[in-house]
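To start, the structure itself, in structure tokens.
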Amino acid sequence: MNRSIGEIIDVETMRLLQDGFSRVTETGAQIFDLDWNPITCCSGGTEFCNVLTKSSKLGCERCKRSDVNASKEVIKKGELLVYHCHAGLIDFSTPITIEDEI
């Protein structure tokens, strides 16, 4: 297939689905491509993450490194991963697959 997800699904539609998911689950959510570039902006999230952690350059770097490491594992296994982020919070990462391709 070798197409980007943005070529298959409208990015605005993904963002609306992500916003709804975030609201219903009361979690933060964001979609990244396979190179860990954000496709959507972050939806939701906790005050701890958004205000305390991500308000500093070091906190943002640690969050990104934690997300990237989890994403690498998800790409390897092709399934949901529940893990503790760098700050000790429970986080998860899951692949978006289309026609058996992440």
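So you can find residues: chains in the structure tokens are A, B, ... in the order shown, residues in each start at 1, and ligands are numbered from 1 in order.
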With only C-alpha atoms as the counted atoms, please give the residues lying no more than 10 Å from A:Ala70, apart from itself and same-chain residues fewer than 5 positions off, as a PyMOL selection string. chain A and resi 64-65+75-76+80-85+91-94
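These are the residues of chain A assigned strand (DSSP E) by DSSP from backbone coordinates: Leu81, Val82, Tyr83, His84, Ile90, Asp91, Phe92 and Ser93 of chain A.
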Output the selection as a short mmCIF file (atom, residue, chain, number, x, y, z; two decimals), in the first residue's frame - all heavy atoms for each residue.
```
data_model
loop_
_atom_site.label_atom_id
_atom_site.label_comp_id
_atom_site.auth_asym_id
_atom_site.auth_seq_id
_atom_site.Cartn_x
_atom_site.Cartn_y
_atom_site.Cartn_z
N LEU A 81 -0.28 -1.57 23.28
CA LEU A 81 0.71 -1.63 24.36
C LEU A 81 0.25 -0.71 25.48
O LEU A 81 -0.04 0.46 25.25
CB LEU A 81 2.08 -1.17 23.85
CG LEU A 81 3.18 -1.04 24.91
CD1 LEU A 81 3.57 -2.42 25.43
CD2 LEU A 81 4.39 -0.31 24.35
N VAL A 82 0.13 -1.27 26.68
CA VAL A 82 -0.15 -0.49 27.88
C VAL A 82 1.16 -0.44 28.67
O VAL A 82 1.79 -1.48 28.87
CB VAL A 82 -1.28 -1.14 28.72
CG1 VAL A 82 -1.54 -0.32 29.99
CG2 VAL A 82 -2.56 -1.26 27.89
N TYR A 83 1.56 0.74 29.08
CA TYR A 83 2.87 0.90 29.72
C TYR A 83 2.83 2.09 30.68
O TYR A 83 1.86 2.83 30.73
CB TYR A 83 3.95 1.10 28.65
CG TYR A 83 3.79 2.38 27.85
CD1 TYR A 83 4.55 3.51 28.16
CD2 TYR A 83 2.88 2.46 26.81
CE1 TYR A 83 4.39 4.69 27.44
CE2 TYR A 83 2.72 3.63 26.08
CZ TYR A 83 3.48 4.74 26.40
OH TYR A 83 3.31 5.91 25.70
N HIS A 84 3.91 2.26 31.44
CA HIS A 84 4.08 3.44 32.29
C HIS A 84 4.96 4.43 31.54
O HIS A 84 6.05 4.07 31.09
CB HIS A 84 4.71 3.07 33.63
CG HIS A 84 3.77 2.35 34.53
ND1 HIS A 84 3.67 0.98 34.57
CD2 HIS A 84 2.85 2.81 35.41
CE1 HIS A 84 2.75 0.64 35.44
NE2 HIS A 84 2.23 1.73 35.96
N ILE A 90 0.04 5.58 33.74
CA ILE A 90 -0.33 4.53 32.80
C ILE A 90 -0.68 5.19 31.47
O ILE A 90 -1.45 6.14 31.41
CB ILE A 90 -1.51 3.69 33.33
CG1 ILE A 90 -1.07 2.94 34.58
CG2 ILE A 90 -2.01 2.72 32.25
CD1 ILE A 90 -2.19 2.18 35.26
N ASP A 91 -0.10 4.69 30.41
CA ASP A 91 -0.30 5.23 29.07
C ASP A 91 -0.52 4.05 28.14
O ASP A 91 -0.33 2.90 28.51
CB ASP A 91 0.94 6.03 28.65
CG ASP A 91 0.65 7.08 27.60
OD1 ASP A 91 -0.46 7.08 27.02
OD2 ASP A 91 1.55 7.89 27.32
N PHE A 92 -0.93 4.33 26.93
CA PHE A 92 -1.08 3.25 25.96
C PHE A 92 -0.81 3.78 24.57
O PHE A 92 -0.87 4.98 24.30
CB PHE A 92 -2.47 2.60 26.02
CG PHE A 92 -3.58 3.49 25.54
CD1 PHE A 92 -4.01 3.43 24.23
CD2 PHE A 92 -4.20 4.38 26.41
CE1 PHE A 92 -5.03 4.26 23.78
CE2 PHE A 92 -5.22 5.20 25.97
CZ PHE A 92 -5.64 5.14 24.65
N SER A 93 -0.46 2.87 23.70
CA SER A 93 -0.23 3.17 22.30
C SER A 93 -0.80 2.01 21.50
O SER A 93 -0.69 0.86 21.91
CB SER A 93 1.28 3.31 22.05
OG SER A 93 1.53 3.63 20.70
#
```
Could you check which of A:Ile31, A:Lys77, A:Asn69, A:Ser4 is closest to A:Leu16, using only C-alpha atoms?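 Ranked by minimum distance to A:Leu16, first place goes to A:Ile31.
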Compile the contact shell of A:Ala29 as a ChimeraX atom specification: residues with an atom at most 7 Å away, counting only C-alpha atoms, same-chain residues fewer than 3 positions apart removed. /A:18,22,42-44
Resulting file, chosen residues, N, CA and C atoms, as a PDB file, in the first residue's frame:
```
ATOM      1  N   GLN A  18     -10.750  11.426  17.122  1.00  0.00           N
ATOM      2  CA  GLN A  18      -9.817  11.471  18.245  1.00  0.00           C
ATOM      3  C   GLN A  18     -10.387  12.319  19.382  1.00  0.00           C
ATOM      4  N   SER A  22     -11.229  10.913  23.067  1.00  0.00           N
ATOM      5  CA  SER A  22     -10.623  11.538  24.236  1.00  0.00           C
ATOM      6  C   SER A  22     -11.684  11.958  25.252  1.00  0.00           C
ATOM      7  N   CYS A  42      -2.840  17.213  20.005  1.00  0.00           N
ATOM      8  CA  CYS A  42      -3.288  16.426  21.155  1.00  0.00           C
ATOM      9  C   CYS A  42      -4.696  16.843  21.573  1.00  0.00           C
ATOM     10  N   SER A  43      -5.516  15.860  21.871  1.00  0.00           N
ATOM     11  CA  SER A  43      -6.859  16.078  22.410  1.00  0.00           C
ATOM     12  C   SER A  43      -6.840  15.694  23.883  1.00  0.00           C
ATOM     13  N   GLY A  44      -7.502  16.478  24.697  1.00  0.00           N
ATOM     14  CA  GLY A  44      -7.647  16.129  26.105  1.00  0.00           C
ATOM     15  C   GLY A  44      -6.335  16.086  26.852  1.00  0.00           C
TER      16      GLY A  44
END
```
Atom pair atom CA of A:His86 / atom CA of A:Cys49: separation (Å):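 Separation between atom CA of A:His86 and atom CA of A:Cys49: 11.0 Å.
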Name the residues in contact with A:Arg62 at a cut-off of 10 Å, using only C-alpha atoms, excluding same-chain residues fewer than 6 positions from it; report them as a PyMOL selection string. chain A and resi 53-54+56+68+85-87
In terms of the shortest atom-to-atom distance over only C-alpha atoms, which of A:Ile39, A:Gly45, A:Ile5, A:Leu58 is closest to A:Glu99?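 That would be A:Ile5, the residue with the smallest distance to A:Glu99.
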One number please: atom CA of A:Thr46 to atom CA of A:Arg15, in Å, one decimal.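 A separation of 18.3 Å between them.
With distances taken over only C-alpha atoms, A:Thr97 is the one residue among A:Thr27, A:Ser71, A:Thr97, A:Thr40 lying closest to A:Arg3.
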Could you please determine the separation between atom CA of A:Leu34 and atom CA of A:Glu47 in Å, to one decimal place?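 Atom-to-atom, atom CA of A:Leu34 and atom CA of A:Glu47 are spaced 27.5 Å apart.
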From the list A:Asp33, A:Glu101, A:Glu79, A:Glu61, which residue is nearest A:Gly6 when using only C-alpha atoms?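 Of A:Asp33, A:Glu101, A:Glu79, A:Glu61, the one nearest A:Gly6, counting only C-alpha atoms, is A:Asp33.
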